[in-house]
$ cat model-v2.txt   # compact mmCIF, C-alpha atoms
# COMPACT_ATOMS: atom_id res chain seq x y z
CA MET Q 1 0.00 0.00 0.00
CA ARG Q 2 1.38 3.36 -0.99
CA GLN Q 3 2.11 5.66 1.95
CA PHE Q 4 1.13 9.31 1.72
CA PHE Q 5 2.63 12.01 3.87
CA GLY Q 6 0.41 14.83 4.93
CA THR Q 7 1.56 18.29 5.86
CA VAL Q 8 -0.20 21.24 7.37
CA LEU Q 9 0.72 24.68 6.05
CA LEU Q 10 -0.18 27.72 8.11
CA CYS Q 11 -0.83 31.06 6.45
CA VAL Q 12 -1.64 33.89 8.85
CA ALA Q 13 -3.68 36.47 7.04
CA ALA Q 14 -5.51 39.76 7.46
CA LEU Q 15 -3.64 40.87 10.54
CA ALA Q 16 -5.23 43.90 12.12
CA ALA Q 17 -2.96 46.52 13.54
CA ASN Q 18 -2.67 47.10 17.24
CA ALA Q 19 -3.70 50.62 16.42
CA ARG Q 20 -3.83 54.02 18.07
CA ALA Q 21 -7.24 54.05 19.77
CA ALA Q 22 -8.00 57.67 18.95
CA ALA Q 23 -8.01 57.10 15.21
CA ASP Q 24 -9.00 53.44 15.03
CA GLU Q 25 -11.68 53.08 17.69
CA CYS Q 26 -14.50 52.44 15.23
CA LEU Q 27 -12.88 51.21 12.02
CA ARG Q 28 -15.13 48.74 10.24
CA PRO Q 29 -15.27 46.01 9.15
CA GLY Q 30 -13.15 44.09 11.60
CA PRO Q 31 -10.40 41.86 10.20
CA GLN Q 32 -12.45 38.74 10.80
CA ASP Q 33 -15.05 40.12 8.39
CA LEU Q 34 -12.59 40.70 5.55
CA PRO Q 35 -11.14 38.10 3.20
CA PRO Q 36 -7.71 37.06 4.41
CA LEU Q 37 -5.03 39.30 2.94
CA THR Q 38 -2.30 37.14 1.44
CA THR Q 39 0.48 37.35 -1.11
CA PRO Q 40 -0.59 35.85 -4.48
CA GLU Q 41 0.75 32.32 -4.68
CA ASP Q 42 2.90 32.85 -7.79
CA LEU Q 43 4.64 35.89 -6.25
CA TRP Q 44 5.04 34.14 -2.91
CA LEU Q 45 6.74 31.16 -4.58
CA LYS Q 46 9.16 33.58 -6.25
CA GLY Q 47 10.01 35.06 -2.85
CA GLU Q 48 8.71 38.51 -3.75
CA GLY Q 49 7.52 40.92 -1.09
CA GLY Q 50 8.21 44.23 0.60
CA ASN Q 51 6.36 47.05 2.31
CA VAL Q 52 3.49 49.27 1.20
CA VAL Q 53 3.12 52.24 3.55
CA VAL Q 54 -0.10 54.20 3.17
CA SER Q 55 -1.93 57.16 4.61
CA VAL Q 56 -5.66 56.47 4.94
CA VAL Q 57 -7.95 59.50 5.23
CA PHE Q 58 -11.60 59.28 6.35
CA THR Q 59 -13.92 62.23 5.70
CA ALA Q 60 -17.35 60.55 5.93
CA PRO Q 61 -18.82 57.69 8.00
CA ASP Q 62 -20.14 55.65 5.08
CA GLN Q 63 -17.53 56.22 2.37
CA PRO Q 64 -14.25 54.42 1.62
CA PRO Q 65 -11.13 56.34 2.61
CA ALA Q 66 -8.77 58.24 0.36
CA VAL Q 67 -5.50 56.34 0.15
CA THR Q 68 -2.08 57.82 -0.50
CA VAL Q 69 0.93 55.54 -0.92
CA GLN Q 70 3.89 57.00 0.94
CA ARG Q 71 6.37 54.22 0.24
CA ASN Q 72 6.26 51.04 -1.82
CA THR Q 73 9.17 48.60 -1.87
CA ALA Q 74 7.01 45.65 -2.97
CA GLY Q 75 5.79 46.59 -6.45
CA PRO Q 76 2.60 47.61 -8.30
CA ILE Q 77 0.67 44.36 -7.75
CA PHE Q 78 1.10 44.67 -3.98
CA GLU Q 79 -0.12 48.27 -4.06
CA ARG Q 80 -3.28 47.10 -5.84
CA ILE Q 81 -3.79 44.40 -3.19
CA VAL Q 82 -3.60 47.02 -0.44
CA ARG Q 83 -5.90 49.48 -2.23
CA ALA Q 84 -8.50 46.78 -2.85
CA HIS Q 85 -8.32 45.78 0.83
CA LEU Q 86 -8.79 49.36 2.03
CA GLU Q 87 -11.85 49.85 -0.19
CA ASN Q 88 -13.71 47.83 2.47
CA TRP Q 89 -12.72 50.09 5.36
CA ARG Q 90 -15.23 52.50 6.91
CA ARG Q 91 -15.22 54.70 10.01
CA PRO Q 92 -18.88 55.00 11.08
CA CYS Q 93 -18.07 57.38 13.97
CA GLN Q 94 -16.55 59.91 11.58
CA VAL Q 95 -18.62 63.11 11.88
CA PRO Q 96 -19.55 64.62 8.49
CA GLY Q 97 -17.89 68.00 8.08
CA ALA Q 98 -15.44 67.37 10.93
CA ALA Q 99 -11.69 67.33 10.46
CA PRO Q 100 -10.54 64.28 8.49
CA THR Q 101 -9.20 61.32 10.44
CA VAL Q 102 -5.82 60.05 9.24
CA VAL Q 103 -4.69 56.48 9.87
CA GLN Q 104 -1.23 55.28 8.89
CA ARG Q 105 -0.56 51.67 7.90
CA ASP Q 106 2.49 49.67 6.91
CA PHE Q 107 1.51 46.51 5.03
CA GLU Q 108 4.48 44.15 5.14
CA PHE Q 109 4.39 41.35 2.58
CA LEU Q 110 6.83 38.88 4.11
CA GLN Q 111 9.14 37.11 1.67
CA ASN Q 112 9.32 33.97 3.79
CA GLY Q 113 5.59 33.49 4.29
CA ARG Q 114 2.28 34.30 2.60
CA TYR Q 115 0.74 36.25 5.43
CA VAL Q 116 0.59 40.02 5.35
CA GLN Q 117 1.65 41.75 8.54
CA THR Q 118 -0.08 45.06 9.14
CA VAL Q 119 1.23 47.54 11.67
CA GLY Q 120 0.90 51.22 12.44
CA ALA Q 121 3.27 53.28 10.33
CA ALA Q 122 4.74 56.70 11.14
CA ASN Q 123 2.42 59.30 12.60
CA PRO Q 124 0.91 61.85 10.17
CA ASP Q 125 3.44 64.46 11.30
CA GLY Q 126 6.29 62.12 10.41
CA SER Q 127 7.27 61.24 13.97
CA PRO Q 128 7.98 57.55 14.73
CA ASP Q 129 5.09 55.37 15.83
CA ALA Q 130 5.58 54.46 19.48
CA GLU Q 131 3.44 51.36 19.10
CA PRO Q 132 5.55 48.18 18.83
CA LYS Q 133 5.01 45.68 16.06
CA ALA Q 134 3.00 43.33 18.24
CA THR Q 135 2.25 40.93 15.42
CA ALA Q 136 5.97 40.46 14.78
CA CYS Q 137 6.30 38.51 18.04
CA LEU Q 138 3.49 36.01 17.52
CA SER Q 139 4.62 32.98 19.50
CA LYS Q 140 3.81 29.82 17.59
CA PRO Q 141 3.74 26.33 19.11
CA TRP Q 142 6.71 24.23 18.03
CA MET Q 143 4.42 21.38 17.03
CA LYS Q 144 2.19 21.97 14.02
CA PRO Q 145 -1.33 20.55 13.87
CA LEU Q 146 -1.35 16.80 13.23
CA TYR Q 147 -2.75 15.52 9.97
CA PRO Q 148 -5.55 13.13 11.06
CA SER Q 149 -4.64 9.57 10.09
CA ASP Q 150 -8.13 8.73 8.82
CA ALA Q 151 -8.06 11.77 6.53
CA GLN Q 152 -4.68 10.68 5.17
CA ARG Q 153 -5.85 7.12 4.53
CA HIS Q 154 -8.85 8.39 2.60
CA LEU Q 155 -6.83 11.15 0.85
CA ARG Q 156 -8.98 13.92 2.28
CA GLN Q 157 -7.55 17.43 1.96
CA GLY Q 158 -8.89 20.86 2.84
CA THR Q 159 -8.26 24.29 4.32
CA ALA Q 160 -9.63 25.26 7.72
CA LEU Q 161 -10.17 28.94 8.56
CA VAL Q 162 -9.71 30.16 12.13
CA SER Q 163 -10.00 33.71 13.47
CA SER Q 164 -7.94 34.68 16.55
CA THR Q 165 -8.18 37.77 18.75
CA PHE Q 166 -5.45 38.65 21.26
CA ARG Q 167 -6.40 41.01 24.10
CA ASN Q 168 -3.22 40.81 26.16
CA ALA Q 169 0.25 39.28 26.15
CA GLU Q 170 -0.36 36.38 28.53
CA ASP Q 171 -3.74 34.80 27.84
CA GLU Q 172 -4.74 32.47 25.07
CA PRO Q 173 -6.55 34.19 22.20
CA GLU Q 174 -10.26 34.11 21.60
CA VAL Q 175 -10.64 31.74 18.65
CA LYS Q 176 -13.48 30.99 16.32
CA LEU Q 177 -13.67 28.23 13.74
CA ILE Q 178 -14.95 29.84 10.55
CA TYR Q 179 -14.68 26.66 8.46
CA ASP Q 180 -13.40 23.17 9.31
CA GLY Q 181 -11.95 22.39 5.88
CA GLY Q 182 -14.52 19.70 5.23
CA ASP Q 183 -13.36 17.50 8.11
CA PRO Q 184 -14.21 18.04 11.80
CA GLU Q 185 -10.75 16.77 12.78
CA PHE Q 186 -9.11 19.46 10.63
CA GLY Q 187 -11.11 22.02 12.59
CA GLU Q 188 -10.21 20.49 15.95
CA GLU Q 189 -6.48 20.42 15.18
CA SER Q 190 -6.57 23.99 13.87
CA ILE Q 191 -8.43 25.35 16.89
CA ALA Q 192 -6.12 23.55 19.32
CA TYR Q 193 -3.06 25.04 17.61
CA ALA Q 194 -4.52 28.56 17.47
CA ARG Q 195 -5.28 28.46 21.21
CA ARG Q 196 -1.63 27.69 22.00
CA GLN Q 197 -0.41 30.85 20.29
CA ARG Q 198 0.56 33.93 22.31
CA MET Q 199 1.52 37.52 21.54
CA PRO Q 200 4.04 38.36 24.31
CA CYS Q 201 4.89 41.90 23.18
CA LEU Q 202 1.28 43.15 23.07
CA PRO Q 203 1.34 46.19 25.41
CA LYS Q 204 -1.07 46.49 28.32
CA GLY Q 205 -4.16 48.48 27.44
CA ALA Q 206 -3.53 48.11 23.70
CA SER Q 207 -6.33 47.54 21.23
CA PRO Q 208 -6.97 43.85 20.45
CA VAL Q 209 -5.08 42.26 17.58
CA SER Q 210 -7.08 39.96 15.31
CA PHE Q 211 -6.27 37.86 12.29
CA VAL Q 212 -7.46 34.87 10.29
CA THR Q 213 -5.27 31.82 9.72
CA ASN Q 214 -5.57 29.38 6.83
CA PHE Q 215 -4.68 25.84 7.95
CA ASN Q 216 -3.96 23.97 4.73
CA PHE Q 217 -4.10 20.19 5.12
CA VAL Q 218 -2.42 18.82 1.98
CA ILE Q 219 -1.03 15.43 1.02
CA GLU Q 220 2.42 15.49 -0.49
CA GLY Q 221 2.29 15.21 -4.25
CA ARG Q 222 -1.47 15.75 -4.39
CA GLU Q 223 -1.65 19.52 -4.02
CA VAL Q 224 -4.51 21.11 -5.95
CA LYS Q 225 -3.73 24.12 -8.11
CA MET Q 226 -6.31 26.16 -9.97
CA ARG Q 227 -5.82 27.16 -13.58
CA ASP Q 228 -6.51 30.64 -14.85
CA LEU Q 229 -10.01 31.02 -16.28
CA PRO Q 230 -11.68 33.01 -19.06
CA PHE Q 231 -14.85 34.71 -17.80
CA ARG Q 232 -17.22 32.46 -19.78
CA ASP Q 233 -15.60 29.29 -18.42
CA PHE Q 234 -15.80 30.74 -14.93
CA LEU Q 235 -19.52 31.43 -15.27
CA GLU Q 236 -20.12 27.80 -16.26
CA GLN Q 237 -18.73 26.72 -12.88
CA ILE Q 238 -21.13 28.89 -10.85
CA PRO Q 239 -24.47 27.45 -9.63
CA ALA Q 240 -27.52 28.67 -11.53
CA THR Q 241 -28.98 30.03 -8.29
CA GLN Q 242 -26.08 32.51 -8.12
CA THR Q 243 -26.23 33.63 -11.76
CA ASP Q 244 -30.02 33.93 -12.01
CA GLY Q 245 -30.84 37.51 -12.97
CA LEU Q 246 -27.19 38.44 -13.55
CA ASP Q 247 -26.94 41.35 -15.98
CA ILE Q 248 -23.41 42.61 -16.58
CA ASP Q 249 -22.05 44.78 -19.36
CA THR Q 250 -18.26 44.99 -19.16
CA ARG Q 251 -17.93 47.31 -22.16
CA GLY Q 252 -17.91 50.32 -19.84
CA MET Q 253 -15.31 48.81 -17.49
CA SER Q 254 -12.10 49.50 -19.46
CA CYS Q 255 -12.26 46.01 -20.93
CA PRO Q 256 -10.62 43.63 -21.42
CA PHE Q 257 -9.13 43.32 -17.94
CA ASN Q 258 -7.82 40.74 -15.50
CA LEU Q 259 -8.83 40.03 -11.92
CA ARG Q 260 -7.13 37.82 -9.37
CA MET Q 261 -9.62 35.81 -7.33
CA THR Q 262 -9.00 33.93 -4.09
CA MET Q 263 -11.87 31.66 -3.16
CA TYR Q 264 -13.28 31.80 0.38
CA ALA Q 265 -17.06 31.88 -0.19
CA PRO Q 266 -19.39 30.94 1.33
CA HIS Q 267 -17.33 31.14 4.55
CA LEU Q 268 -15.74 34.57 3.93
CA PRO Q 269 -15.99 37.01 1.03
CA ASN Q 270 -13.77 36.04 -1.88
CA GLY Q 271 -10.68 38.11 -2.48
CA VAL Q 272 -10.98 40.04 -5.77
CA LEU Q 273 -8.06 42.14 -6.96
CA GLU Q 274 -7.84 44.29 -10.08
CA MET Q 275 -4.60 43.33 -11.81
CA ASP Q 276 -4.84 46.20 -14.29
CA ASP Q 277 -5.54 49.86 -13.59
CA HIS Q 278 -8.45 50.48 -11.24
CA ASP Q 279 -11.85 51.29 -12.75
CA ALA Q 280 -14.71 52.19 -10.38
CA ALA Q 281 -17.24 50.97 -12.96
CA ARG Q 282 -16.24 47.41 -12.12
CA ALA Q 283 -17.61 47.71 -8.57
CA PRO Q 284 -20.92 45.85 -9.25
CA LEU Q 285 -19.07 42.98 -10.93
CA ILE Q 286 -16.52 42.75 -8.11
CA ALA Q 287 -19.26 42.86 -5.47
CA TRP Q 288 -20.95 39.89 -7.16
CA LEU Q 289 -17.69 37.97 -7.53
CA LYS Q 290 -17.00 38.31 -3.79
CA LYS Q 291 -20.11 36.26 -3.03
CA VAL Q 292 -20.01 33.39 -5.54
CA ASN Q 293 -18.64 29.88 -5.14
CA PHE Q 294 -18.10 27.01 -7.55
CA ASP Q 295 -20.69 24.34 -8.30
CA VAL Q 296 -18.52 21.36 -7.37
CA PRO Q 297 -19.06 18.13 -5.40
CA ALA Q 298 -18.93 18.47 -1.63
CA ALA Q 299 -15.71 16.44 -1.52
CA VAL Q 300 -13.96 18.91 -3.84
CA ALA Q 301 -15.07 22.20 -2.27
CA PRO Q 302 -12.68 22.07 0.75
CA VAL Q 303 -9.54 21.98 -1.43
CA LEU Q 304 -10.58 25.10 -3.35
CA ILE Q 305 -10.65 27.31 -0.25
CA ALA Q 306 -7.84 29.93 -0.30
CA LYS Q 307 -6.85 28.98 -3.86
CA SER Q 308 -6.10 31.84 -6.27
CA PHE Q 309 -6.38 32.18 -10.03
CA LYS Q 310 -6.49 34.83 -12.73
CA LEU Q 311 -9.92 35.65 -14.18
CA SER Q 312 -9.78 37.19 -17.68
CA VAL Q 313 -12.79 39.38 -18.43
CA PRO Q 314 -13.47 40.38 -22.06
CA CYS Q 315 -15.68 43.09 -23.52
CA THR Q 316 -19.03 41.36 -23.31
CA VAL Q 317 -22.64 41.47 -22.17
CA VAL Q 318 -23.80 38.71 -19.83
CA LYS Q 319 -27.48 38.17 -19.07
CA PHE Q 320 -29.09 35.23 -17.28
$ encode --input "model-v2.txt" --output "structure tokens"
Amino acid sequence: MRQFFGTVLLCVAALAANARAAADECLRPGPQDLPPLTTPEDLWLKGEGGNVVVSVVFTAPDQPPAVTVQRNTAGPIFERIVRAHLENWRRPCQVPGAAPTVVQRDFEFLQNGRYVQTVGAANPDGSPDAEPKATACLSKPWMKPLYPSDAQRHLRQGTALVSSTFRNAEDEPEVKLIYDGGDPEFGEESIAYARRQRMPCLPKGASPVSFVTNFNFVIEGREVKMRDLPFRDFLEQIPATQTDGLDIDTRGMSCPFNLRMTMYAPHLPNGVLEMDDHDAARAPLIAWLKKVNFDVPAAVAPVLIAKSFKLSVPCTVVKF
């Protein structure tokens, strides 16, 4: 009987900053409500990364912020990832007509891991940020989650999603299983590992630090990779219940264009990144893409979670 070796890969994603309370007290949505922010797989495998430092300005409670890139050592694709992520940010306690609220962020795309570390950057006046990089000292258990033997025997693979919130340096985090990867034992192993993590340099009285971790249970030599898809082929993979009534005209969206999708639905919104220049007219299409999932057998769905691919959108009219 052939022996398969299973491994568990951990990707920490969507780290929220331990932020200055005055500016960040009511930022929404929380990190657990956003799709995990990760480096695209092809760039991660090449070891690419760097920092994107931004100034985020809120002037209204229900509008996305204005974003100014102050420094970018990572490259254009990483800037687009950050801008797409910040489009989801709101500050509902921002008073209309009041002075704008400025939040600084340093998105660090680590070259030795796919997670994106987010920390407070310099203050708006250019002075150093006194807040330490709490997420840089995440203490991880030496022993990774075990790959359940029954899952290995039956060649089951999947990605579990766990959110963690740290409120101080000593206690175990508050954890929530978002998705068990299609196997309850995957979920149990992931939760147990997440609870053993600590953040020893989180200062007393600091704002909580939250993030989502992808626990990828994969069998060596049987990793699933998604191919890039033309838009028409993509639509054929979506259940009819999710395309019913769809009416999209891409001719006013600076077509043709490419999007990078990372699948998390229905457990979290999908990640959708514009790979070309931004066009606001694409917003309805992107909003729809964030909600859809593939029409595949239940045994296949778990291995598609957190997988990325390029979606090529032509100049076309789609009506269902």
$ residues_near_point --input "model-v2.txt" --point "(-21.3, 32.0, -6.3)" --cutoff "10 Å" --atoms "all atoms listed in the file" --output "ChimeraX atom specification"
/Q:235,237-243,263,265-266,270,288-295
$ write_last_selection --input "model-v2.txt" --atoms "C-alpha atoms" --output "short mmCIF file (atom, residue, chain, number, x, y, z; two decimals), in the coordinates of the input"
data_model
loop_
_atom_site.label_atom_id
_atom_site.label_comp_id
_atom_site.auth_asym_id
_atom_site.auth_seq_id
_atom_site.Cartn_x
_atom_site.Cartn_y
_atom_site.Cartn_z
CA LEU Q 235 -19.52 31.43 -15.27
CA GLN Q 237 -18.73 26.72 -12.88
CA ILE Q 238 -21.13 28.89 -10.85
CA PRO Q 239 -24.47 27.45 -9.63
CA ALA Q 240 -27.52 28.67 -11.53
CA THR Q 241 -28.98 30.03 -8.29
CA GLN Q 242 -26.08 32.51 -8.12
CA THR Q 243 -26.23 33.63 -11.76
CA MET Q 263 -11.87 31.66 -3.16
CA ALA Q 265 -17.06 31.88 -0.19
CA PRO Q 266 -19.39 30.94 1.33
CA ASN Q 270 -13.77 36.04 -1.88
CA TRP Q 288 -20.95 39.89 -7.16
CA LEU Q 289 -17.69 37.97 -7.53
CA LYS Q 290 -17.00 38.31 -3.79
CA LYS Q 291 -20.11 36.26 -3.03
CA VAL Q 292 -20.01 33.39 -5.54
CA ASN Q 293 -18.64 29.88 -5.14
CA PHE Q 294 -18.10 27.01 -7.55
CA ASP Q 295 -20.69 24.34 -8.30
#
$ residues_around --input "model-v2.txt" --residues "Glu87 of chain Q" --least-positions-apart "3" --cutoff "9 Å" --atoms "only C-alpha atoms" --output "list of chain:residue names"
Q:Gln63, Q:Pro64, Q:Pro65, Q:Ala66, Q:Val82, Q:Arg83, Q:Ala84, Q:Arg90
$ closest_residue --input "model-v2.txt" --among "Q:Gly271, Q:Gly252, Q:Pro297, Q:Gly187" --to "Leu311 of chain Q" --atoms "only C-alpha atoms"
Q:Gly271
$ decode --input "model-v2.txt" --residues "segment 148-169 of chain Q" --atoms "N, CA and C atoms" --output "PDB file, in the first residue's frame"
ATOM      1  N   PRO Q 148      -4.802  14.309  10.580  1.00  0.00           N
ATOM      2  CA  PRO Q 148      -5.545  13.134  11.055  1.00  0.00           C
ATOM      3  C   PRO Q 148      -5.284  11.907  10.187  1.00  0.00           C
ATOM      4  N   SER Q 149      -5.009  10.785  10.824  1.00  0.00           N
ATOM      5  CA  SER Q 149      -4.636   9.574  10.086  1.00  0.00           C
ATOM      6  C   SER Q 149      -5.762   9.079   9.188  1.00  0.00           C
ATOM      7  N   ASP Q 150      -7.010   9.186   9.650  1.00  0.00           N
ATOM      8  CA  ASP Q 150      -8.130   8.733   8.819  1.00  0.00           C
ATOM      9  C   ASP Q 150      -8.249   9.577   7.558  1.00  0.00           C
ATOM     10  N   ALA Q 151      -8.015  10.888   7.694  1.00  0.00           N
ATOM     11  CA  ALA Q 151      -8.060  11.766   6.527  1.00  0.00           C
ATOM     12  C   ALA Q 151      -6.946  11.413   5.547  1.00  0.00           C
ATOM     13  N   GLN Q 152      -5.774  11.078   6.056  1.00  0.00           N
ATOM     14  CA  GLN Q 152      -4.677  10.681   5.171  1.00  0.00           C
ATOM     15  C   GLN Q 152      -5.006   9.393   4.438  1.00  0.00           C
ATOM     16  N   ARG Q 153      -5.532   8.411   5.168  1.00  0.00           N
ATOM     17  CA  ARG Q 153      -5.851   7.118   4.532  1.00  0.00           C
ATOM     18  C   ARG Q 153      -6.858   7.284   3.411  1.00  0.00           C
ATOM     19  N   HIS Q 154      -7.802   8.192   3.607  1.00  0.00           N
ATOM     20  CA  HIS Q 154      -8.850   8.391   2.603  1.00  0.00           C
ATOM     21  C   HIS Q 154      -8.547   9.568   1.680  1.00  0.00           C
ATOM     22  N   LEU Q 155      -7.317  10.081   1.749  1.00  0.00           N
ATOM     23  CA  LEU Q 155      -6.834  11.147   0.853  1.00  0.00           C
ATOM     24  C   LEU Q 155      -7.678  12.406   0.925  1.00  0.00           C
ATOM     25  N   ARG Q 156      -8.201  12.697   2.119  1.00  0.00           N
ATOM     26  CA  ARG Q 156      -8.983  13.923   2.280  1.00  0.00           C
ATOM     27  C   ARG Q 156      -8.049  15.113   2.516  1.00  0.00           C
ATOM     28  N   GLN Q 157      -8.311  16.207   1.813  1.00  0.00           N
ATOM     29  CA  GLN Q 157      -7.549  17.434   1.964  1.00  0.00           C
ATOM     30  C   GLN Q 157      -8.520  18.595   2.153  1.00  0.00           C
ATOM     31  N   GLY Q 158      -8.031  19.688   2.671  1.00  0.00           N
ATOM     32  CA  GLY Q 158      -8.894  20.855   2.840  1.00  0.00           C
ATOM     33  C   GLY Q 158      -8.177  21.961   3.589  1.00  0.00           C
ATOM     34  N   THR Q 159      -8.806  23.125   3.625  1.00  0.00           N
ATOM     35  CA  THR Q 159      -8.259  24.293   4.316  1.00  0.00           C
ATOM     36  C   THR Q 159      -9.247  24.764   5.365  1.00  0.00           C
ATOM     37  N   ALA Q 160      -8.816  24.740   6.625  1.00  0.00           N
ATOM     38  CA  ALA Q 160      -9.633  25.255   7.722  1.00  0.00           C
ATOM     39  C   ALA Q 160      -9.318  26.735   7.926  1.00  0.00           C
ATOM     40  N   LEU Q 161     -10.316  27.505   8.329  1.00  0.00           N
ATOM     41  CA  LEU Q 161     -10.168  28.938   8.562  1.00  0.00           C
ATOM     42  C   LEU Q 161     -10.491  29.233  10.024  1.00  0.00           C
ATOM     43  N   VAL Q 162      -9.548  29.865  10.713  1.00  0.00           N
ATOM     44  CA  VAL Q 162      -9.713  30.165  12.130  1.00  0.00           C
ATOM     45  C   VAL Q 162      -9.395  31.637  12.378  1.00  0.00           C
ATOM     46  N   SER Q 163     -10.280  32.332  13.083  1.00  0.00           N
ATOM     47  CA  SER Q 163      -9.995  33.711  13.473  1.00  0.00           C
ATOM     48  C   SER Q 163      -9.513  33.716  14.920  1.00  0.00           C
ATOM     49  N   SER Q 164      -8.517  34.560  15.207  1.00  0.00           N
ATOM     50  CA  SER Q 164      -7.943  34.678  16.552  1.00  0.00           C
ATOM     51  C   SER Q 164      -7.917  36.139  16.959  1.00  0.00           C
ATOM     52  N   THR Q 165      -8.241  36.409  18.208  1.00  0.00           N
ATOM     53  CA  THR Q 165      -8.180  37.766  18.748  1.00  0.00           C
ATOM     54  C   THR Q 165      -7.379  37.747  20.046  1.00  0.00           C
ATOM     55  N   PHE Q 166      -6.300  38.538  20.073  1.00  0.00           N
ATOM     56  CA  PHE Q 166      -5.455  38.649  21.265  1.00  0.00           C
ATOM     57  C   PHE Q 166      -5.796  39.942  21.994  1.00  0.00           C
ATOM     58  N   ARG Q 167      -6.065  39.833  23.299  1.00  0.00           N
ATOM     59  CA  ARG Q 167      -6.404  41.007  24.104  1.00  0.00           C
ATOM     60  C   ARG Q 167      -5.300  41.385  25.091  1.00  0.00           C
ATOM     61  N   ASN Q 168      -4.375  40.482  25.327  1.00  0.00           N
ATOM     62  CA  ASN Q 168      -3.219  40.807  26.163  1.00  0.00           C
ATOM     63  C   ASN Q 168      -2.087  39.854  25.824  1.00  0.00           C
ATOM     64  N   ALA Q 169      -0.950  40.042  26.492  1.00  0.00           N
ATOM     65  CA  ALA Q 169       0.251  39.283  26.149  1.00  0.00           C
ATOM     66  C   ALA Q 169       0.264  37.871  26.721  1.00  0.00           C
TER      67      ALA Q 169
END
